[in-house]
file model-v4.cif (mmCIF, C-alpha atoms)
data_data
loop_
_atom_site.label_atom_id
_atom_site.label_comp_id
_atom_site.auth_asym_id
_atom_site.auth_seq_id
_atom_site.Cartn_x
_atom_site.Cartn_y
_atom_site.Cartn_z
CA MET A 1 0.00 0.00 0.00
CA LYS A 2 1.34 3.42 -0.93
CA ARG A 3 2.17 5.73 1.97
CA GLY A 4 -0.25 8.33 0.74
CA ARG A 5 -3.08 5.85 1.24
CA LEU A 6 -2.10 4.63 4.72
CA PRO A 7 -5.17 4.92 7.02
CA LEU A 8 -3.31 6.80 9.77
CA THR A 9 -6.42 7.77 11.74
CA ALA A 10 -7.64 4.17 11.75
CA LEU A 11 -4.19 2.90 12.71
CA ARG A 12 -4.02 5.38 15.57
CA SER A 13 -7.42 4.22 16.82
CA PHE A 14 -6.37 0.59 16.48
CA GLU A 15 -3.10 1.19 18.37
CA ALA A 16 -4.90 2.90 21.27
CA ALA A 17 -7.53 0.13 21.48
CA ALA A 18 -4.89 -2.61 21.25
CA ARG A 19 -2.70 -0.97 23.88
CA ARG A 20 -5.58 -0.41 26.33
CA LEU A 21 -7.66 -3.46 25.28
CA SER A 22 -10.69 -1.23 25.56
CA PHE A 23 -12.54 0.92 23.03
CA THR A 24 -13.76 3.11 25.90
CA LEU A 25 -10.30 3.85 27.25
CA ALA A 26 -8.93 4.31 23.74
CA ALA A 27 -11.62 6.93 23.12
CA GLN A 28 -10.60 8.75 26.32
CA ASP A 29 -6.94 8.68 25.27
CA LEU A 30 -7.72 10.20 21.87
CA PHE A 31 -10.50 12.54 23.05
CA VAL A 32 -13.09 11.06 20.70
CA SER A 33 -16.23 8.99 21.18
CA GLN A 34 -16.23 5.24 21.65
CA ALA A 35 -18.33 4.99 18.49
CA ALA A 36 -15.58 6.78 16.55
CA ILE A 37 -12.99 4.24 17.74
CA SER A 38 -15.27 1.34 16.83
CA ARG A 39 -15.92 2.79 13.39
CA GLN A 40 -12.24 3.33 12.64
CA VAL A 41 -11.35 -0.20 13.76
CA ARG A 42 -14.14 -1.68 11.63
CA GLU A 43 -12.89 0.24 8.58
CA LEU A 44 -9.37 -1.08 9.20
CA GLU A 45 -10.72 -4.62 9.54
CA MET A 46 -12.56 -4.24 6.24
CA LEU A 47 -9.34 -3.01 4.64
CA VAL A 48 -7.30 -6.03 5.80
CA GLY A 49 -10.18 -8.43 5.26
CA GLN A 50 -10.18 -10.05 8.71
CA PRO A 51 -11.03 -9.21 12.35
CA LEU A 52 -8.34 -7.60 14.47
CA PHE A 53 -10.20 -7.99 17.77
CA SER A 54 -12.34 -10.71 19.25
CA ARG A 55 -15.20 -8.97 21.00
CA GLY A 56 -16.69 -10.28 24.24
CA HIS A 57 -19.62 -9.00 26.26
CA ARG A 58 -17.53 -6.50 28.25
CA SER A 59 -14.03 -7.02 26.90
CA ILE A 60 -11.95 -7.23 23.74
CA ALA A 61 -8.82 -9.19 22.85
CA LEU A 62 -6.45 -9.11 19.92
CA THR A 63 -6.81 -11.81 17.30
CA GLU A 64 -3.70 -13.35 15.77
CA ALA A 65 -3.94 -10.82 12.93
CA GLY A 66 -4.35 -8.01 15.45
CA GLU A 67 -1.25 -9.13 17.35
CA ARG A 68 0.77 -9.20 14.12
CA LEU A 69 -0.37 -5.69 13.22
CA MET A 70 0.21 -4.33 16.76
CA ALA A 71 3.74 -5.77 16.75
CA VAL A 72 4.50 -3.29 13.94
CA VAL A 73 2.15 -0.39 14.70
CA GLY A 74 2.93 -0.13 18.43
CA PRO A 75 6.71 0.28 18.08
CA SER A 76 6.18 2.60 15.10
CA PHE A 77 4.05 5.00 17.13
CA ASP A 78 6.51 4.75 20.04
CA ALA A 79 9.37 5.63 17.69
CA MET A 80 7.47 8.61 16.26
CA ASP A 81 6.60 9.80 19.75
CA ALA A 82 10.23 9.50 20.85
CA ALA A 83 11.42 11.39 17.77
CA LEU A 84 8.97 14.22 18.40
CA GLU A 85 9.96 14.36 22.09
CA ALA A 86 13.63 14.56 21.08
CA LEU A 87 12.99 17.36 18.60
CA ALA A 88 10.94 19.28 21.16
CA ALA A 89 13.61 18.74 23.83
CA ALA A 90 16.21 20.24 21.51
CA GLN A 91 14.17 23.45 21.49
CA GLY A 92 14.09 23.66 25.30
CA PRO A 93 11.33 23.12 27.89
CA VAL A 94 7.65 23.63 27.11
CA ALA A 95 5.52 25.54 29.63
CA LEU A 96 2.07 24.32 30.63
CA SER A 97 -0.26 26.01 33.11
CA VAL A 98 -3.00 24.00 34.82
CA SER A 99 -5.57 25.48 37.17
CA SER A 100 -6.86 23.19 39.89
CA ASP A 101 -9.39 23.17 42.68
CA PRO A 102 -7.28 23.61 45.86
CA THR A 103 -8.44 20.35 47.49
CA PHE A 104 -7.72 18.34 44.36
CA ALA A 105 -4.33 20.02 43.98
CA ALA A 106 -3.26 19.39 47.58
CA CYS A 107 -4.69 15.89 48.02
CA TRP A 108 -4.16 14.26 44.61
CA LEU A 109 -2.37 16.36 41.99
CA VAL A 110 0.74 17.35 43.94
CA PRO A 111 1.45 13.78 45.16
CA GLN A 112 0.91 12.35 41.65
CA LEU A 113 2.53 15.06 39.51
CA ALA A 114 6.01 13.50 39.65
CA ASP A 115 4.73 10.65 37.48
CA PHE A 116 3.69 13.04 34.72
CA CYS A 117 6.98 14.96 34.92
CA ALA A 118 8.94 11.71 34.64
CA ARG A 119 6.96 10.74 31.53
CA HIS A 120 7.25 14.20 29.95
CA PRO A 121 10.48 15.78 31.20
CA ILE A 122 10.41 18.62 28.65
CA ILE A 123 7.05 19.92 29.94
CA GLU A 124 7.34 22.33 32.85
CA VAL A 125 4.02 22.43 34.67
CA THR A 126 2.72 25.38 36.67
CA ILE A 127 -0.12 24.49 39.05
CA ASP A 128 -2.48 27.35 39.91
CA ALA A 129 -4.59 26.29 42.92
CA ASP A 130 -7.66 28.45 42.41
CA PRO A 131 -11.38 27.52 42.56
CA ARG A 132 -12.58 30.53 40.56
CA LEU A 133 -14.04 30.40 37.06
CA VAL A 134 -11.54 29.95 34.23
CA THR A 135 -12.27 31.62 30.88
CA PHE A 136 -9.32 30.00 29.03
CA ARG A 137 -8.35 33.28 27.42
CA ARG A 138 -4.83 33.96 26.21
CA GLY A 139 -2.45 33.95 29.16
CA GLU A 140 -4.75 31.78 31.29
CA PRO A 141 -4.30 28.04 31.96
CA GLU A 142 -5.23 25.73 29.09
CA LEU A 143 -6.66 23.11 31.42
CA ALA A 144 -8.52 23.23 34.72
CA VAL A 145 -9.81 20.75 37.29
CA ARG A 146 -12.98 21.91 38.95
CA PHE A 147 -15.45 20.58 41.52
CA SER A 148 -19.18 20.59 40.81
CA GLU A 149 -22.33 18.50 40.83
CA SER A 150 -22.76 18.79 37.06
CA ARG A 151 -20.58 18.98 33.97
CA ASP A 152 -22.90 21.74 32.69
CA ALA A 153 -21.78 24.23 35.35
CA TRP A 154 -19.39 26.01 32.96
CA PRO A 155 -21.04 27.30 29.78
CA GLY A 156 -18.61 27.90 26.94
CA ALA A 157 -16.20 25.16 28.05
CA GLU A 158 -15.97 21.40 27.67
CA ALA A 159 -15.76 19.12 30.70
CA ARG A 160 -14.77 15.47 31.16
CA LEU A 161 -15.58 13.59 34.36
CA LEU A 162 -12.53 12.59 36.38
CA HIS A 163 -13.85 11.35 39.70
CA GLY A 164 -17.01 11.24 41.80
CA GLU A 165 -16.45 11.57 45.54
CA ALA A 166 -17.50 8.87 48.02
CA LEU A 167 -17.29 10.49 51.46
CA THR A 168 -16.32 8.36 54.46
CA PRO A 169 -14.85 9.11 57.92
CA LEU A 170 -11.06 9.50 58.08
CA VAL A 171 -9.97 9.16 61.71
CA PRO A 172 -6.63 10.04 63.37
CA VAL A 173 -4.36 7.00 63.65
CA GLY A 174 -4.28 7.45 67.42
CA LEU A 175 -8.02 6.72 67.64
CA ALA A 176 -8.74 3.03 68.22
CA THR A 177 -10.58 1.75 65.16
CA ASP A 178 -11.40 -1.82 66.27
CA GLY A 179 -15.11 -2.05 66.96
CA LEU A 180 -15.61 1.62 66.19
CA THR A 181 -19.32 2.30 65.61
CA PRO A 182 -21.20 5.39 64.43
CA ALA A 183 -22.27 5.93 68.06
CA HIS A 184 -18.62 6.00 69.14
CA LEU A 185 -17.82 8.31 66.26
CA ALA A 186 -20.59 10.72 67.26
CA ARG A 187 -18.75 11.35 70.52
CA GLN A 188 -15.59 12.44 68.69
CA THR A 189 -14.79 15.94 67.42
CA LEU A 190 -16.19 16.10 63.90
CA LEU A 191 -14.40 18.27 61.37
CA HIS A 192 -16.43 19.88 58.60
CA ALA A 193 -15.36 20.84 55.09
CA ASP A 194 -17.33 23.82 53.73
CA ASN A 195 -20.63 22.76 55.34
CA ARG A 196 -22.18 20.78 58.21
CA THR A 197 -24.64 18.78 56.10
CA ASP A 198 -22.31 16.03 54.81
CA TRP A 199 -21.88 14.50 58.24
CA ALA A 200 -25.67 14.43 58.72
CA ARG A 201 -26.00 12.47 55.45
CA TRP A 202 -23.28 10.04 56.49
CA PHE A 203 -24.81 9.27 59.91
CA ALA A 204 -28.22 8.79 58.25
CA ALA A 205 -26.66 6.26 55.85
CA ALA A 206 -24.62 4.48 58.55
CA GLY A 207 -27.42 4.11 61.08
CA ASP A 208 -26.25 2.61 64.36
CA GLY A 209 -23.88 0.13 62.70
CA GLY A 210 -25.91 -2.81 64.02
CA ALA A 211 -25.06 -1.93 67.63
CA GLY A 212 -28.66 -1.18 68.59
CA GLU A 213 -27.58 2.10 70.18
CA ALA A 214 -29.61 5.25 70.12
CA PHE A 215 -27.41 8.31 69.88
CA SER A 216 -27.51 11.95 68.89
CA THR A 217 -24.93 13.71 66.80
CA PRO A 218 -24.02 17.31 67.75
CA LEU A 219 -23.41 18.56 64.21
CA ASP A 220 -23.51 22.18 65.30
CA ARG A 221 -20.04 21.79 66.84
CA GLY A 222 -16.60 21.26 65.34
CA THR A 223 -14.45 23.47 63.15
CA VAL A 224 -15.60 24.23 59.60
CA TYR A 225 -12.74 24.37 57.10
CA ALA A 226 -12.76 26.01 53.69
CA ASP A 227 -11.93 22.75 51.92
CA THR A 228 -11.32 19.05 52.51
CA SER A 229 -7.53 19.27 52.37
CA LEU A 230 -7.52 21.46 55.49
CA ALA A 231 -9.93 19.13 57.31
CA LEU A 232 -7.70 16.16 56.40
CA GLN A 233 -4.65 18.00 57.67
CA ALA A 234 -6.41 18.69 60.97
CA ALA A 235 -7.46 15.03 61.25
CA GLY A 236 -3.85 13.96 60.63
CA LEU A 237 -2.81 16.19 63.53
CA GLY A 238 -5.29 14.40 65.80
CA GLN A 239 -7.72 17.32 66.05
CA GLY A 240 -10.81 15.35 65.03
CA VAL A 241 -12.43 13.16 62.38
CA ALA A 242 -12.73 14.36 58.78
CA LEU A 243 -15.23 13.25 56.16
CA ALA A 244 -13.41 12.77 52.86
CA ASP A 245 -12.95 10.67 49.76
CA ARG A 246 -10.53 7.72 50.14
CA LEU A 247 -8.91 8.30 46.76
CA LEU A 248 -8.19 11.95 47.49
CA ALA A 249 -6.98 10.97 50.96
CA ALA A 250 -4.82 8.10 49.66
CA ASP A 251 -1.56 9.92 50.35
CA ALA A 252 -2.53 10.73 53.97
CA ILE A 253 -3.69 7.11 54.49
CA ALA A 254 -0.48 5.70 52.98
CA GLN A 255 1.61 7.94 55.24
CA GLY A 256 -0.25 6.68 58.30
CA LYS A 257 -1.73 10.05 59.17
CA VAL A 258 -5.37 8.89 59.05
CA ALA A 259 -7.26 5.59 58.83
CA SER A 260 -10.49 4.64 57.07
CA PRO A 261 -12.37 2.20 59.32
CA PHE A 262 -15.91 2.41 57.86
CA ALA A 263 -17.27 0.84 54.68
CA THR A 264 -20.21 3.25 54.55
CA SER A 265 -19.84 6.25 52.27
CA VAL A 266 -22.14 8.89 50.80
CA PRO A 267 -21.81 10.65 47.42
CA GLY A 268 -20.08 14.00 47.32
CA GLY A 269 -19.44 16.25 44.38
CA ARG A 270 -17.53 15.42 41.21
CA TYR A 271 -14.24 16.58 39.76
CA PHE A 272 -14.07 17.49 36.07
CA LEU A 273 -11.20 18.18 33.70
CA MET A 274 -12.04 21.30 31.71
CA ALA A 275 -10.81 23.00 28.56
CA ARG A 276 -12.23 25.50 26.12
CA ARG A 277 -12.02 22.82 23.39
CA PHE A 278 -10.21 19.52 23.93
CA ALA A 279 -9.67 19.13 20.20
CA GLN A 280 -7.68 22.39 20.15
CA LEU A 281 -5.24 21.74 23.00
CA SER A 282 -1.53 22.31 22.58
CA PRO A 283 0.59 19.12 22.49
CA ALA A 284 1.69 19.69 26.10
CA ALA A 285 -1.89 20.17 27.33
CA GLU A 286 -3.03 17.17 25.30
CA ALA A 287 -0.32 15.06 26.96
CA PHE A 288 -1.41 16.21 30.42
CA ALA A 289 -5.09 15.59 29.65
CA ALA A 290 -4.36 12.08 28.37
CA TRP A 291 -2.24 11.34 31.46
CA ILE A 292 -4.79 12.48 34.02
CA MET A 293 -7.70 10.79 32.26
CA GLN A 294 -5.74 7.53 32.20
CA ARG A 295 -4.99 7.83 35.92
CA PHE A 296 -8.69 8.05 36.67
CA SER A 297 -9.82 5.47 34.10
CA PRO A 298 -11.43 2.30 35.52
CA VAL A 299 -9.16 -0.72 35.35
CA THR A 300 -11.89 -2.89 33.79
#

call {"tool": "encode", "arguments": {"input": "model-v4.cif", "output": "structure tokens"}}
result
Amino acid sequence: MKRGRLPLTALRSFEAAARRLSFTLAAQDLFVSQAAISRQVRELEMLVGQPLFSRGHRSIALTEAGERLMAVVGPSFDAMDAALEALAAAQGPVALSVSSDPTFAACWLVPQLADFCARHPIIEVTIDADPRLVTFRRGEPELAVRFSESRDAWPGAEARLLHGEALTPLVPVGLATDGLTPAHLARQTLLHADNRTDWARWFAAAGDGGAGEAFSTPLDRGTVYADTSLALQAAGLGQGVALADRLLAADAIAQGKVASPFATSVPGGRYFLMARRFAQLSPAAEAFAAWIMQRFSPVT
């Protein structure tokens, strides 16, 4: 086949699907719809005259033909990516500004950012921890992570869901967690992030934990912090119990600052990755968007 007729878009879709073994995750990587990935793969299969994937109910796998093609296409894309990285590196570092909700920045982005920097050493990232509206005008960050109940909260911008909160108690490591019940928890100092209503929802969902105890919860007491990261910091210092998302608190849990003894959780808000237009991102912003979407992609 002549180079001018190579189906590069279809090959790119095939490579992403073969690498991730998922049309859904491939679509997230390439910022297109799952239907677009499926269509491109079907067109490539028609071109070669045989299936490249065996399709199950909730999974896909490469056929023998697909493995043969991926053995060539995968290294070829890797080589092109490496060549582009080398050329860009020769021109010096590339600046990228990302605006982030302060809680997300403190609890997840800062601990995880080293991974992105290791993968893209020529991109120098500036993190602007700011919850205010981003207009994505010239001179403003290209990407933003924002917290909201709905992806429609920002007219004039596009949003992709990163993570939905599941709020659960995070207790200081000095507090005995064996046999800890909601009634025991109600006697502790409760720390609040932004409001006092989340704890009320959690106690309603947890009930008495099967202990048969009647108890009241003094939700009108305890410090109210501006965001969850501050409440988590206070919990880590032994000042009370915070209500937070395990994923966003993963660093504090791993460091032994807080523990998560309850299975019960209640929904919180959702974090979205935002851009004016994802299809118009710079290469550096596109790399960051692909990285963060992959980090939050389900493993199945």

call {"tool": "closest_residue", "arguments": {"input": "model-v4.cif", "among": "A:Leu25, A:Met70, A:Val48, A:Leu62", "to": "A:Ala290", "atoms": "all atoms listed in the file"}}
result
A:Leu25

call {"tool": "resolve_selection", "arguments": {"input": "model-v4.cif", "expression": "the PyMOL selection byres ((chain A and resi 285) around 10)", "output": "JSON list (two decimals) with C-alpha atoms, keeping the file's coordinate frame"}}
result
[["chain", "number", "residue", "atom", "x", "y", "z"],
["A", 95, "ALA", "CA", 5.52, 25.54, 29.63],
["A", 96, "LEU", "CA", 2.07, 24.32, 30.63],
["A", 97, "SER", "CA", -0.26, 26.01, 33.11],
["A", 98, "VAL", "CA", -3.00, 24.00, 34.82],
["A", 123, "ILE", "CA", 7.05, 19.92, 29.94],
["A", 125, "VAL", "CA", 4.02, 22.43, 34.67],
["A", 141, "PRO", "CA", -4.30, 28.04, 31.96],
["A", 142, "GLU", "CA", -5.23, 25.73, 29.09],
["A", 143, "LEU", "CA", -6.66, 23.11, 31.42],
["A", 275, "ALA", "CA", -10.81, 23.00, 28.56],
["A", 278, "PHE", "CA", -10.21, 19.52, 23.93],
["A", 280, "GLN", "CA", -7.68, 22.39, 20.15],
["A", 281, "LEU", "CA", -5.24, 21.74, 23.00],
["A", 282, "SER", "CA", -1.53, 22.31, 22.58],
["A", 283, "PRO", "CA", 0.59, 19.12, 22.49],
["A", 284, "ALA", "CA", 1.69, 19.69, 26.10],
["A", 286, "GLU", "CA", -3.03, 17.17, 25.30],
["A", 287, "ALA", "CA", -0.32, 15.06, 26.96],
["A", 288, "PHE", "CA", -1.41, 16.21, 30.42],
["A", 289, "ALA", "CA", -5.09, 15.59, 29.65],
["A", 290, "ALA", "CA", -4.36, 12.08, 28.37],
["A", 291, "TRP", "CA", -2.24, 11.34, 31.46]]

call {"tool": "closest_residue", "arguments": {"input": "model-v4.cif", "among": "A:Leu6, A:Leu11, A:Ala244, A:Ala254", "to": "A:Gln40", "atoms": "all atoms listed in the file"}}
result
A:Leu11

call {"tool": "residues_near_point", "arguments": {"input": "model-v4.cif", "point": "(-22.4, 14.8, 38.7)", "cutoff": "12 Å", "atoms": "all atoms listed in the file", "output": "list in words"}}
result
Arg146, Phe147, Ser148, Glu149, Ser150, Arg151, Asp152, Ala153, Ala159, Arg160, Leu161, Leu162, His163, Gly164, Glu165, Pro267, Gly268, Gly269, Arg270, Tyr271 and Phe272 of chain A

call {"tool": "residues_near_point", "arguments": {"input": "model-v4.cif", "point": "(-21.1, 20.8, 59.3)", "cutoff": "9 Å", "atoms": "all atoms listed in the file", "output": "list in words"}}
result
Leu190, Leu191, His192, Ala193, Asp194, Asn195, Arg196, Thr197, Asp198, Trp199, Ala200, Leu219, Asp220, Arg221, Gly222, Thr223 and Val224 of chain A

call {"tool": "atom_distance", "arguments": {"input": "model-v4.cif", "atom1": "atom CA of A:Gln50", "atom2": "atom CA of A:Ala18"}}
result
15.5 Å

call {"tool": "residues_around", "arguments": {"input": "model-v4.cif", "residues": "stretch 30-37 of chain A", "least_positions_apart": "4", "cutoff": "6 Å", "atoms": "all atoms listed in the file", "output": "list in words"}}
result
Ser13, Phe23 and Thr24 of chain A

call {"tool": "closest_residue", "arguments": {"input": "model-v4.cif", "among": "A:Ala242, A:Ala10, A:Met293, A:Ile122", "to": "A:Ala88", "atoms": "all atoms listed in the file"}}
result
A:Ile122

call {"tool": "residues_around", "arguments": {"input": "model-v4.cif", "residues": "stretch 103-105 of chain A", "least_positions_apart": "5", "cutoff": "7 Å", "atoms": "all atoms listed in the file", "output": "MDAnalysis selection string"}}
result
chainID A and resid 110 129 227:229

call {"tool": "closest_residue", "arguments": {"input": "model-v4.cif", "among": "A:Ile292, A:Arg277, A:Gly49, A:Leu69", "to": "A:Phe116", "atoms": "all atoms listed in the file"}}
result
A:Ile292

call {"tool": "closest_residue", "arguments": {"input": "model-v4.cif", "among": "A:Pro131, A:Pro182, A:Gly66, A:Gly56", "to": "A:Thr168", "atoms": "all atoms listed in the file"}}
result
A:Pro182

call {"tool": "closest_residue", "arguments": {"input": "model-v4.cif", "among": "A:Ala279, A:Ala205, A:Ala235, A:Leu87", "to": "A:Ser265", "atoms": "only C-alpha atoms"}}
result
A:Ala205

call {"tool": "residues_around", "arguments": {"input": "model-v4.cif", "residues": "stretch 256-260 of chain A", "least_positions_apart": "5", "cutoff": "8 Å", "atoms": "only C-alpha atoms", "output": "ChimeraX atom specification"}}
result
/A:168-173,235-237,246

call {"tool": "resolve_selection", "arguments": {"input": "model-v4.cif", "expression": "the PyMOL selection byres ((chain A and resi 51) around 12)", "output": "PyMOL selection string"}}
result
chain A and resi 14+41-50+52-55+60-69

call {"tool": "atom_distance", "arguments": {"input": "model-v4.cif", "atom1": "atom CA of A:Asp130", "atom2": "atom CA of A:Trp154"}}
result
15.3 Å

call {"tool": "atom_distance", "arguments": {"input": "model-v4.cif", "atom1": "atom CA of A:Asp78", "atom2": "atom CA of A:Arg119"}}
result
13.0 Å

call {"tool": "resolve_selection", "arguments": {"input": "model-v4.cif", "expression": "the PyMOL selection byres ((chain A and resi 77) around 12)", "output": "list in words"}}
result
Leu8, Leu11, Arg12, Ser13, Phe14, Glu15, Ala16, Arg19, Met70, Ala71, Val72, Val73, Gly74, Pro75, Ser76, Asp78, Ala79, Met80, Asp81, Ala82, Ala83 and Leu84 of chain A
